[in-house]
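**Q** Let me give you the structure first, and then I'll get to my questions.
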Amino acid sequence: PLPTQEDLAELRCRLRKVTALAQLAQLPPVPAGARPDLRSRLERVRQLELRIREKKAGSGATPGARPSGDTGVAAPAAEAGSEKPPAYQRFHTLAQDLPPGLTLPYKFKVLSEMFRSMDTIAGMLFNRAETITFAKVKQGVQDMMRKQFEERHVGQIKAVYPTSYRLRQEKNIPTFGNGVKKSDYQLTLEPVVGEEEKVDGRPHLSASRLLERRKEFNRNLVNIVKQHHKAFLAALSPPMVVPEEKLTRWHPRFNVDEVPDINPAELPWPPQEDRLTTAQEVLSTARGMLTPKMEKALANLALRTAEAGAGEPVVSKASSPASTSSALRGVSQALLERIRAKEAQKLQALMTREPQQEERLAMLGRLPAMARILRNIFVAEKKQALTLEVACARMADSYDAQMPPGEMEKHLRLFAELLPDWVEIHAIRTDTYIKLDKGKDLGLVTERLTKVAKEAEAL
């Protein structure tokens with residue numbers, strides 16, 4: 001049957017609604033009389049909307065795709081053979097939106113996350129009085145992290161935190177059809193729990209204890225990096241000594257991602273009659289049964305195993321050379337020593353600076369540029385005083401970096417602290433007002449602020 005007039009009217013009404021919704025989804029055009037800063041912000045929002053739509057359109061083409069870095073699958077042979085780590089590992093510290101501090105290498109952060117996942121799974125099994133086998137923990141950690149988890153990682157965890165687990169090789173453990181025979185040896189893990197941590201008469205891993213263990217593991221990782229940092233400082237010219245308890249950041253030339261990996265602790269093995277412990281035993285047992293190439297590879301492996309030590313701190317390649325470069329020939333050696341000593345003193349102050357002091361220094365560095373903006377605001381408003389809320393809003397709109405009003409208020413109060421003869425802040429009834437002396441020479445004000453910032457940085 002043909003559509004009636006009522007059906008056509010209903011279709012037209014639906015079409016108008018769809019058109020109106022589509023128009024609401026679009027950003028309105030930038031008005032011609034808008035301010036330049038408002039026009040630029042609207043233009044940035046429009047560009048961001050276009051990027052988001054393009055990204056959604058691109059991701060929709062392959063809905064089932066997943067980043068290859070999360071699968072835990074080994075890299076191709078060409079990439080695995082290269083010594084240089086990928087960029088996301090080498091520069092991950094630069095992408096962290098964190099205050100400067102004692103950051104860990106990427107591989108240490110991954111190991112810390114593995115310990116957290118392993119402790120969570122082992123804690124659940126331990127509290128249920130189940131035998132904790134490596135097979136159970138491995139599957140759980142890989143499901144949580146989407147990364148490969150092997151026995152060498154357990155050895156690294158044991159090397160970092162020796163008192164975290166007791167490791168054994170045990171037989172006759174129920175396997176429930178996971179492909180392992182009941183008579184085979186399996187690696188088992190038992191969390192080390194104090195006598196006071198018991199529930200209903202048996203040891204128990206509580207959530208607070210898991211958090212303490214995680215903090216202890218991270219502290220041990222930081223201490224390992226501190227040892228390598230100490231060796232790096234000792235190799236400088238002149239050598240530097242910084243107390244570890246006062247260290248708040250690494251030396252600027254110390255590349256934290258060049259810290260060598262942790263040597264795994266030796267894991268427990270089955271009894272001697274059931275195994276061949278070393279590559280040397282394999283070589284002596286199978287001599288004459290292997291090809292010359294395989295015998296040579298086993299011999300090299302045995303040699304490397306024998307030479308492997310406890311892992312002394314390795315000095316980073318970024319340490320400065322002891323010899324004087326050709327550009328400094330003819331310069332007095334005493335002058336060079338004084339310059340190097342002064343530079344070492346500045347770096348030591350930088351490495352022991354508290355986060356609160358670092359935040360204040362950053363604020364002092366912004367004040368000279370803010371002083372000109374603040375004076376221009378008072379000149380444009382043609383007022384002797386403004387409310388602190390209005391002044392913070394005007395400053396946030398005019399400053400070249402994004403800053404919330406609360407942070408801007410800290411800077412304005414710092415003006416009043418350092419230059420009370422130029423900026424005054426008064427609380428009157430329910431409002432707070434800021435007053436500025438527009439007769440002051442802005443050049444002298446900027447000079448005083450720069451001098452204060454340099455003096456604070458020299459401390």
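FYI, nothing fancy with the structure tokens labels: chains A, B, ... in order, residues from 1 per chain, ligands from 1 as they appear.
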Could you name the residues that touch Lys158 in chain A at 10 Å or less, counting only C-alpha atoms, but leaving out those on the same chain fewer than 2 positions away, as a PyMOL selection string?

**A** chain A and resi 115+152-156+160-167+264-267

**Q** Could you check which of A:Leu347, A:Val331, A:Ile224, A:Ala371 is closest to Leu236 in chain A, using only C-alpha atoms?

**A**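 Among A:Leu347, A:Val331, A:Ile224, A:Ala371, it is A:Leu347 that comes nearest to Leu236 in chain A.
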
**Q** For a quick check of understanding, using only C-alpha atoms, which of A:Thr248, A:Ser112, A:Gln5, A:Asn127 has the smallest distance to Phe217 in chain A?

**A**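 Residue with the minimum atom-to-atom distance to Phe217 in chain A: A:Ser112.
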
**Q** Which one is closest to Thr120 in chain A: A:Arg44, A:Lys147, A:His426, A:Arg209? Count only C-alpha atoms.

**A**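 Distance minimum relative to Thr120 in chain A lands on A:Arg209.
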
**Q** For Ala344 in chain A, work out the shell of residues within 12 Å, counting only C-alpha atoms and skipping chain neighbours fewer than 5 positions away, then give it as a compact mmCIF listing (two decimals) with N, CA and C atoms, in the first residue's frame.

**A**
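Generated file (selection-v3.txt):
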# COMPACT_ATOMS: atom_id res chain seq x y z
N LEU A 233 79.16 8.14 39.65
CA LEU A 233 79.70 9.37 40.25
C LEU A 233 81.18 9.21 40.58
N ALA A 234 81.58 8.02 41.02
CA ALA A 234 82.99 7.80 41.37
C ALA A 234 83.89 7.85 40.15
N LEU A 236 83.54 9.94 37.63
CA LEU A 236 83.59 11.28 37.04
C LEU A 236 84.91 11.97 37.36
N SER A 237 85.16 13.06 36.68
CA SER A 237 86.37 13.85 36.92
C SER A 237 85.95 15.30 37.22
N PRO A 238 86.03 15.75 38.46
CA PRO A 238 86.47 15.04 39.67
C PRO A 238 85.37 14.11 40.18
N PRO A 239 85.74 13.10 40.97
CA PRO A 239 84.72 12.18 41.51
C PRO A 239 83.77 12.92 42.44
N MET A 240 82.53 12.41 42.50
CA MET A 240 81.51 13.01 43.36
C MET A 240 81.02 11.97 44.35
N VAL A 241 80.70 12.46 45.55
CA VAL A 241 80.14 11.60 46.59
C VAL A 241 78.87 12.28 47.11
N VAL A 242 77.73 11.63 46.92
CA VAL A 242 76.44 12.16 47.37
C VAL A 242 75.85 11.16 48.35
N HIS A 251 72.07 11.99 38.54
CA HIS A 251 72.94 12.93 37.83
C HIS A 251 72.40 13.15 36.41
N PRO A 252 72.45 14.39 35.89
CA PRO A 252 71.87 14.64 34.56
C PRO A 252 72.45 13.78 33.45
N GLU A 337 90.34 22.81 36.99
CA GLU A 337 89.95 22.10 38.21
C GLU A 337 88.94 22.90 39.01
N ARG A 338 89.12 24.25 39.08
CA ARG A 338 88.17 25.08 39.81
C ARG A 338 86.80 25.07 39.14
N ILE A 339 86.79 25.12 37.80
CA ILE A 339 85.51 25.10 37.07
C ILE A 339 84.80 23.77 37.27
N ALA A 349 74.16 19.90 44.46
CA ALA A 349 72.99 20.61 44.99
C ALA A 349 71.73 20.24 44.23
N LEU A 350 71.87 20.03 42.91
CA LEU A 350 70.71 19.65 42.10
C LEU A 350 70.20 18.27 42.48
N MET A 351 71.12 17.33 42.75
CA MET A 351 70.72 15.96 43.04
C MET A 351 70.16 15.78 44.45

**Q** Pull the closest atom pair for each residue of range 108-129 of chain A that gets at most 12 Å from range 186-207 of chain A, along with the distance in Å to one decimal, counting only C-alpha atoms, ordering rows by chain and then ascending residue number, as CSV.

**A**
residue,atom,partner,partner_atom,distance
A:Arg116,CA,A:Ala207,CA,11.7
A:Met118,CA,A:Leu189,CA,10.2
A:Asp119,CA,A:Pro191,CA,8.3
A:Thr120,CA,A:Ala207,CA,9.0
A:Ile121,CA,A:Leu205,CA,11.0
A:Ala122,CA,A:Pro191,CA,7.5
A:Gly123,CA,A:Leu205,CA,5.8
A:Met124,CA,A:Leu205,CA,8.2
A:Leu125,CA,A:Glu190,CA,9.9
A:Phe126,CA,A:His204,CA,7.4
A:Asn127,CA,A:His204,CA,5.7
A:Arg128,CA,A:His204,CA,9.2
A:Ala129,CA,A:Arg202,CA,9.1

**Q** If you count only C-alpha atoms, which residues fall within 12 Å of Pro174 in chain A, apart from same-chain ones fewer than 4 positions away, as a PyMOL selection string?

**A** chain A and resi 130-133+135-136+170+178-186

**Q** Please produce an output containing N, CA, C and O atoms for each residue in the selection, written as a PDB file, in the first residue's frame.

**A**
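Result went into selection03.pdb, see below:
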ATOM      1  N   GLU A 130      46.305 -23.732  48.966  1.00  0.00           N
ATOM      2  CA  GLU A 130      46.647 -24.498  47.769  1.00  0.00           C
ATOM      3  C   GLU A 130      48.155 -24.493  47.560  1.00  0.00           C
ATOM      4  O   GLU A 130      48.855 -23.543  47.962  1.00  0.00           O
ATOM      5  N   THR A 131      48.658 -25.539  46.913  1.00  0.00           N
ATOM      6  CA  THR A 131      50.064 -25.575  46.547  1.00  0.00           C
ATOM      7  C   THR A 131      50.290 -24.626  45.373  1.00  0.00           C
ATOM      8  O   THR A 131      49.625 -24.711  44.342  1.00  0.00           O
ATOM      9  N   ILE A 132      51.237 -23.707  45.522  1.00  0.00           N
ATOM     10  CA  ILE A 132      51.485 -22.679  44.505  1.00  0.00           C
ATOM     11  C   ILE A 132      52.574 -23.197  43.582  1.00  0.00           C
ATOM     12  O   ILE A 132      53.755 -23.264  43.962  1.00  0.00           O
ATOM     13  N   THR A 133      52.204 -23.603  42.396  1.00  0.00           N
ATOM     14  CA  THR A 133      53.182 -24.047  41.399  1.00  0.00           C
ATOM     15  C   THR A 133      53.467 -22.911  40.425  1.00  0.00           C
ATOM     16  O   THR A 133      52.663 -21.990  40.241  1.00  0.00           O
ATOM     17  N   ALA A 135      53.539 -23.107  37.265  1.00  0.00           N
ATOM     18  CA  ALA A 135      52.618 -23.163  36.122  1.00  0.00           C
ATOM     19  C   ALA A 135      51.369 -22.327  36.386  1.00  0.00           C
ATOM     20  O   ALA A 135      50.883 -21.604  35.508  1.00  0.00           O
ATOM     21  N   LYS A 136      50.814 -22.416  37.617  1.00  0.00           N
ATOM     22  CA  LYS A 136      49.636 -21.617  37.944  1.00  0.00           C
ATOM     23  C   LYS A 136      49.968 -20.128  37.934  1.00  0.00           C
ATOM     24  O   LYS A 136      49.215 -19.310  37.390  1.00  0.00           O
ATOM     25  N   GLU A 170      59.319 -30.019  43.815  1.00  0.00           N
ATOM     26  CA  GLU A 170      58.564 -31.055  44.504  1.00  0.00           C
ATOM     27  C   GLU A 170      57.899 -31.998  43.499  1.00  0.00           C
ATOM     28  O   GLU A 170      57.564 -31.591  42.381  1.00  0.00           O
ATOM     29  N   ASN A 178      47.200 -30.833  33.071  1.00  0.00           N
ATOM     30  CA  ASN A 178      47.852 -29.713  32.390  1.00  0.00           C
ATOM     31  C   ASN A 178      49.066 -30.148  31.579  1.00  0.00           C
ATOM     32  O   ASN A 178      49.901 -29.333  31.218  1.00  0.00           O
ATOM     33  N   GLY A 179      49.179 -31.428  31.308  1.00  0.00           N
ATOM     34  CA  GLY A 179      50.278 -31.919  30.492  1.00  0.00           C
ATOM     35  C   GLY A 179      51.520 -32.293  31.263  1.00  0.00           C
ATOM     36  O   GLY A 179      52.495 -32.760  30.677  1.00  0.00           O
ATOM     37  N   VAL A 180      51.541 -32.128  32.589  1.00  0.00           N
ATOM     38  CA  VAL A 180      52.691 -32.462  33.430  1.00  0.00           C
ATOM     39  C   VAL A 180      52.358 -33.723  34.227  1.00  0.00           C
ATOM     40  O   VAL A 180      51.284 -33.822  34.819  1.00  0.00           O
ATOM     41  N   LYS A 181      53.300 -34.675  34.208  1.00  0.00           N
ATOM     42  CA  LYS A 181      53.083 -35.908  34.956  1.00  0.00           C
ATOM     43  C   LYS A 181      53.190 -35.651  36.448  1.00  0.00           C
ATOM     44  O   LYS A 181      53.936 -34.778  36.898  1.00  0.00           O
ATOM     45  N   LYS A 182      52.443 -36.443  37.217  1.00  0.00           N
ATOM     46  CA  LYS A 182      52.464 -36.282  38.662  1.00  0.00           C
ATOM     47  C   LYS A 182      53.816 -36.640  39.252  1.00  0.00           C
ATOM     48  O   LYS A 182      54.214 -36.138  40.303  1.00  0.00           O
ATOM     49  N   SER A 183      54.556 -37.516  38.571  1.00  0.00           N
ATOM     50  CA  SER A 183      55.871 -37.924  39.071  1.00  0.00           C
ATOM     51  C   SER A 183      56.973 -36.936  38.712  1.00  0.00           C
ATOM     52  O   SER A 183      58.105 -37.085  39.168  1.00  0.00           O
ATOM     53  N   ASP A 184      56.659 -35.935  37.888  1.00  0.00           N
ATOM     54  CA  ASP A 184      57.670 -34.947  37.495  1.00  0.00           C
ATOM     55  C   ASP A 184      57.862 -33.918  38.602  1.00  0.00           C
ATOM     56  O   ASP A 184      56.971 -33.647  39.405  1.00  0.00           O
ATOM     57  N   TYR A 185      59.073 -33.333  38.584  1.00  0.00           N
ATOM     58  CA  TYR A 185      59.349 -32.249  39.526  1.00  0.00           C
ATOM     59  C   TYR A 185      58.687 -30.958  39.034  1.00  0.00           C
ATOM     60  O   TYR A 185      58.683 -30.657  37.839  1.00  0.00           O
ATOM     61  N   GLN A 186      58.126 -30.185  39.972  1.00  0.00           N
ATOM     62  CA  GLN A 186      57.537 -28.884  39.662  1.00  0.00           C
ATOM     63  C   GLN A 186      58.092 -27.838  40.618  1.00  0.00           C
ATOM     64  O   GLN A 186      58.306 -28.109  41.802  1.00  0.00           O
TER      65      GLN A 186
END

**Q** Distance CA of Glu343 in chain A-CA of Lys230 in chain A, one decimal place?

**A**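 Separation between CA of Glu343 in chain A and CA of Lys230 in chain A: 17.6 Å.
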
**Q** Hey, can you check how far CA of Arg41 in chain A sits from CA of Val390 in chain A?

**A** 20.4 Å

**Q** I'd like the contact shell of Glu113 in chain A - 10 Å cut-off, only C-alpha atoms, skipping same-chain residues fewer than 2 positions apart - returned as a PyMOL selection string.

**A** chain A and resi 107-111+115-119+141+144-145+214+218

**Q** Restricting the calculation to only C-alpha atoms: of A:Leu102, A:Leu364, A:Ala341, A:Ile425, which residue gets closest to Phe254 in chain A?

**A**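 With only C-alpha atoms as the atom set, the closest residue is A:Leu102.
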
**Q** May I ask for the distance between CA of Pro260 in chain A and CA of Glu358 in chain A, given in Å to one decimal place?

**A**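 It comes out at 29.6 Å.
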
**Q** Quick one: of A:Ala458, A:Leu298, A:Leu436, A:Leu374, who's nearest to Lys342 in chain A, counting only C-alpha atoms?

**A**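 The shortest atom-to-atom distance to Lys342 in chain A comes from A:Ala458.
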